[in-house]
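Below: one structure, written as structure tokens.
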Amino acid sequence: MSTKKSILLLVSGGVAAYKAVTVASKLTQAGIEVHVAMSDSAQNFVTPLTFSSVINKDVITTLFAESAETKEEIFPHLYPATDVDACCIVPATANIIGKIANGIGDELLSTCALSLPDHSFRYICPAMNVEMWEQSIVQENVERLSKHNWNMIGPDAGTLACGMTGYGRLSEPETIIDTILTDLKHRDKLSGKRVLILSGPTAEHFDAVRYLTNHSSGRMGRAVADAAIKAGADVDFITGPVEYINLPKSPRINLEKVQSAEQMYQAAKAKHKAADIVIFVAAVADYRPEETADHKLSKKADGISIKLIPNTDIAASLGKTKAAKQIHIGFAMQTHDGLENARRKISSKNFDAILLNGLDSFAAEKGNYSLVTEDSEEDLGIVDKRHCADVLINYISEASKS
């Protein structure tokens, strides 16, 4: 029996279908057994022969074969779908997303998707017009898929084939490939573990409508949560206010939304004891207004003064009750004396390690990161946040063995 990992690429009818050829080719070169199924409309953009030439096998193009001898040929929607390690829809149009989200299997791709085993990784790589992507029904379908173990890669923002600009652009093949290969490599490393993640900014109100906050987008927190889920963990995810697109989506994630640092502290304290691993990604406000008005403050010609008082240091407080086998990981954004400050925080907050980063990572897709422990430092360089999260989860999986 072959020990190679396998993946089923479902290619739907979008102009970005040509990028799926690169995904199929690179995964094959990486030693993955790649199967491809194409919708009728996808064949208007790329021929099955193109895919066959890079994966070295026939492409599945029809739900009902004209002649069939083996069970694989008789039931193309079941084989290889029922036995693959991963499935990726690239590109994923609004049409195929809607079908699968609502349990409709009326052609090849949707029936393949509905035949996947529970253990397989599942990805959708959306690509469509920005107006289509922003439709509430499309977003509802994406959210529904996320509750059934489908993970979203993209879409990216940029110039679209229709000439518009905005979200809806297919993620680059390299991003899709890296995500799949990393997930297959790290499968089940944290199986049975519960991970508590604090993410996003906090918002400290000084009246009914105004508040103090920062530029944290929640991207890093989402990347860490996604990596933990792929490694087999269950996740408690506490987040400050961020955009929907930066929230992790999985049935194994218990998501709790908060506003203030105090709310985040209380939520984290309630879940801390049950956690095997705690990751402090959130950019928590150090201070809050001493007084908060329950109405909108009127503008004054001579201005207003707001007295700020310290918030609870969540990481330091929970660090005092850290159990012997618990792992605590911190994040530190520093503008100067980074390594010195990081090691000071490891000691003062009882961290096992800390991810040091600079201003360039704030609200960005990439950043300059270093993984720092009491006696070591690994410079990751300028990397995508998903890559940083993968490195972190790999470190945690090794640390949890000791």
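Ligands are numbered from 1 in the order shown, residues from 1 within each chain, and chains are lettered A, B, ... in the order they appear in the structure tokens.
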
So that I can see what lies close to Asp352 (chain A), please list as a VMD selection string the residues with an atom at most 9 Å from it, counting only C-alpha atoms and leaving out residues fewer than 3 positions away in the same chain.
chain A and resid 327 to 330 346 to 347 372 to 374

Expected file: the selected residues, C-alpha atoms, as an mmCIF file, in the first residue's frame:
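Generated file (part_36.cif):
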```cif
data_model
loop_
_atom_site.group_PDB
_atom_site.id
_atom_site.type_symbol
_atom_site.label_atom_id
_atom_site.label_comp_id
_atom_site.auth_asym_id
_atom_site.auth_seq_id
_atom_site.Cartn_x
_atom_site.Cartn_y
_atom_site.Cartn_z
ATOM 1 C CA ILE A 327 2.962 26.004 28.050
ATOM 2 C CA HIS A 328 2.677 29.797 27.853
ATOM 3 C CA ILE A 329 3.765 31.631 24.687
ATOM 4 C CA GLY A 330 3.888 35.403 24.391
ATOM 5 C CA ILE A 346 9.872 35.676 29.529
ATOM 6 C CA SER A 347 10.987 35.903 33.139
ATOM 7 C CA VAL A 372 13.084 33.692 21.659
ATOM 8 C CA THR A 373 13.541 31.454 24.717
ATOM 9 C CA GLU A 374 15.623 31.980 27.856
#
```

Quick one: pull the distance between CA of Asp379 (chain A) and CA of Leu359 (chain A), Å, one decimal.
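Value for the CA of Asp379 (chain A)-CA of Leu359 (chain A) distance: 16.1 Å.
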
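Using only C-alpha atoms for every distance, the candidate list A:Phe75, A:Ile314, A:Ile382, A:Phe362 yields A:Ile314 as the residue closest to Lys349 (chain A).
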
Set out as CSV a contact list for region 213-258 of chain A and region 384-395 of chain A with a cut-off of 9 Å, giving each residue of region 213-258 of chain A that qualifies its closest atom pair and distance in Å to one decimal, counting only C-alpha atoms, ordered by chain and rising residue number.
```
residue,atom,partner,partner_atom,distance
A:Arg219,CA,A:Lys385,CA,7.4
A:Met220,CA,A:Lys385,CA,5.8
A:Gly221,CA,A:Ala389,CA,8.7
A:Arg222,CA,A:Arg386,CA,8.8
A:Ala223,CA,A:Arg386,CA,5.1
A:Val224,CA,A:Ala389,CA,4.8
A:Ala225,CA,A:Ala389,CA,8.3
A:Asp226,CA,A:Ala389,CA,8.4
A:Ala227,CA,A:Asp390,CA,5.8
A:Ala228,CA,A:Ile393,CA,6.4
A:Ala231,CA,A:Ile393,CA,7.8
```

Residue neighbourhood Val34 (chain A), 12 Å, only C-alpha atoms, exclusion window fewer than 4 positions, as a PyMOL selection string
chain A and resi 4-10+20-30+51-60+80-81+84-88

Skipping near chain neighbours, those fewer than 2 positions away, what residues fall within 8 Å of Pro126 (chain A) using only C-alpha atoms, listed as a list in words?
Val90, Pro91, Ala92, Thr93, Ala94, Ile124, Met128, Met152, Ile153, Gly154, Pro155, Gly168, Arg169 and Leu170 of chain A

Nearest to Gln259 (chain A) by atom-to-atom distance, counting only C-alpha atoms, from A:Val284, A:Leu318, A:Val278, A:Ala323
A:Val284

Using only C-alpha atoms, can you tell me which of A:Arg210, A:Tyr123, A:Lys366, A:Val235 comes closest to Ile180 (chain A)?
A:Tyr123

Could you name the residues that touch region 264-269 of chain A at 12 Å or less, counting only C-alpha atoms, but leaving out those on the same chain fewer than 6 positions away, as a ChimeraX atom specification?
/A:195-204,236-241,254-258,275,278-280,282-285,311-322

Residue set, region 122-344 of chain A restricted to strand (DSSP E), as a PyMOL selection string
chain A and resi 122-126+150-152+156-159+165-169+194-199+204-205+211-212+234-239+253-257+277-280+287-289+308-310+327-333

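Residue nearest Ala127 (chain A) within the list A:Ile89, A:Ala363, A:Ala342, A:Val36: A:Ile89 [criterion: smallest interatomic distance, only C-alpha atoms].
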
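Considering the residues A:Ser171, A:Asn214, A:Asn357, A:Thr62 and counting only C-alpha atoms, Asp40 (chain A) has its shortest atom-to-atom contact with A:Thr62.
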
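If you look at CA of Cys125 (chain A) and CA of Asn151 (chain A), they are 8.7 Å away from each other.
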
Going by DSSP on the backbone, which bits of region 20-224 of chain A are alpha helix (DSSP H)? Write them as a PyMOL selection string, please.
chain A and resi 20-29+48-55+71-74+94-101+108-113+130-133+136-146+173-185+219-224

As a ChimeraX atom specification, please: the residues near Gly103 (chain A) (cut-off 12 Å, only C-alpha atoms, same-chain neighbours under 6 positions excluded).
/A:96-97,110-115,141,144-145,148
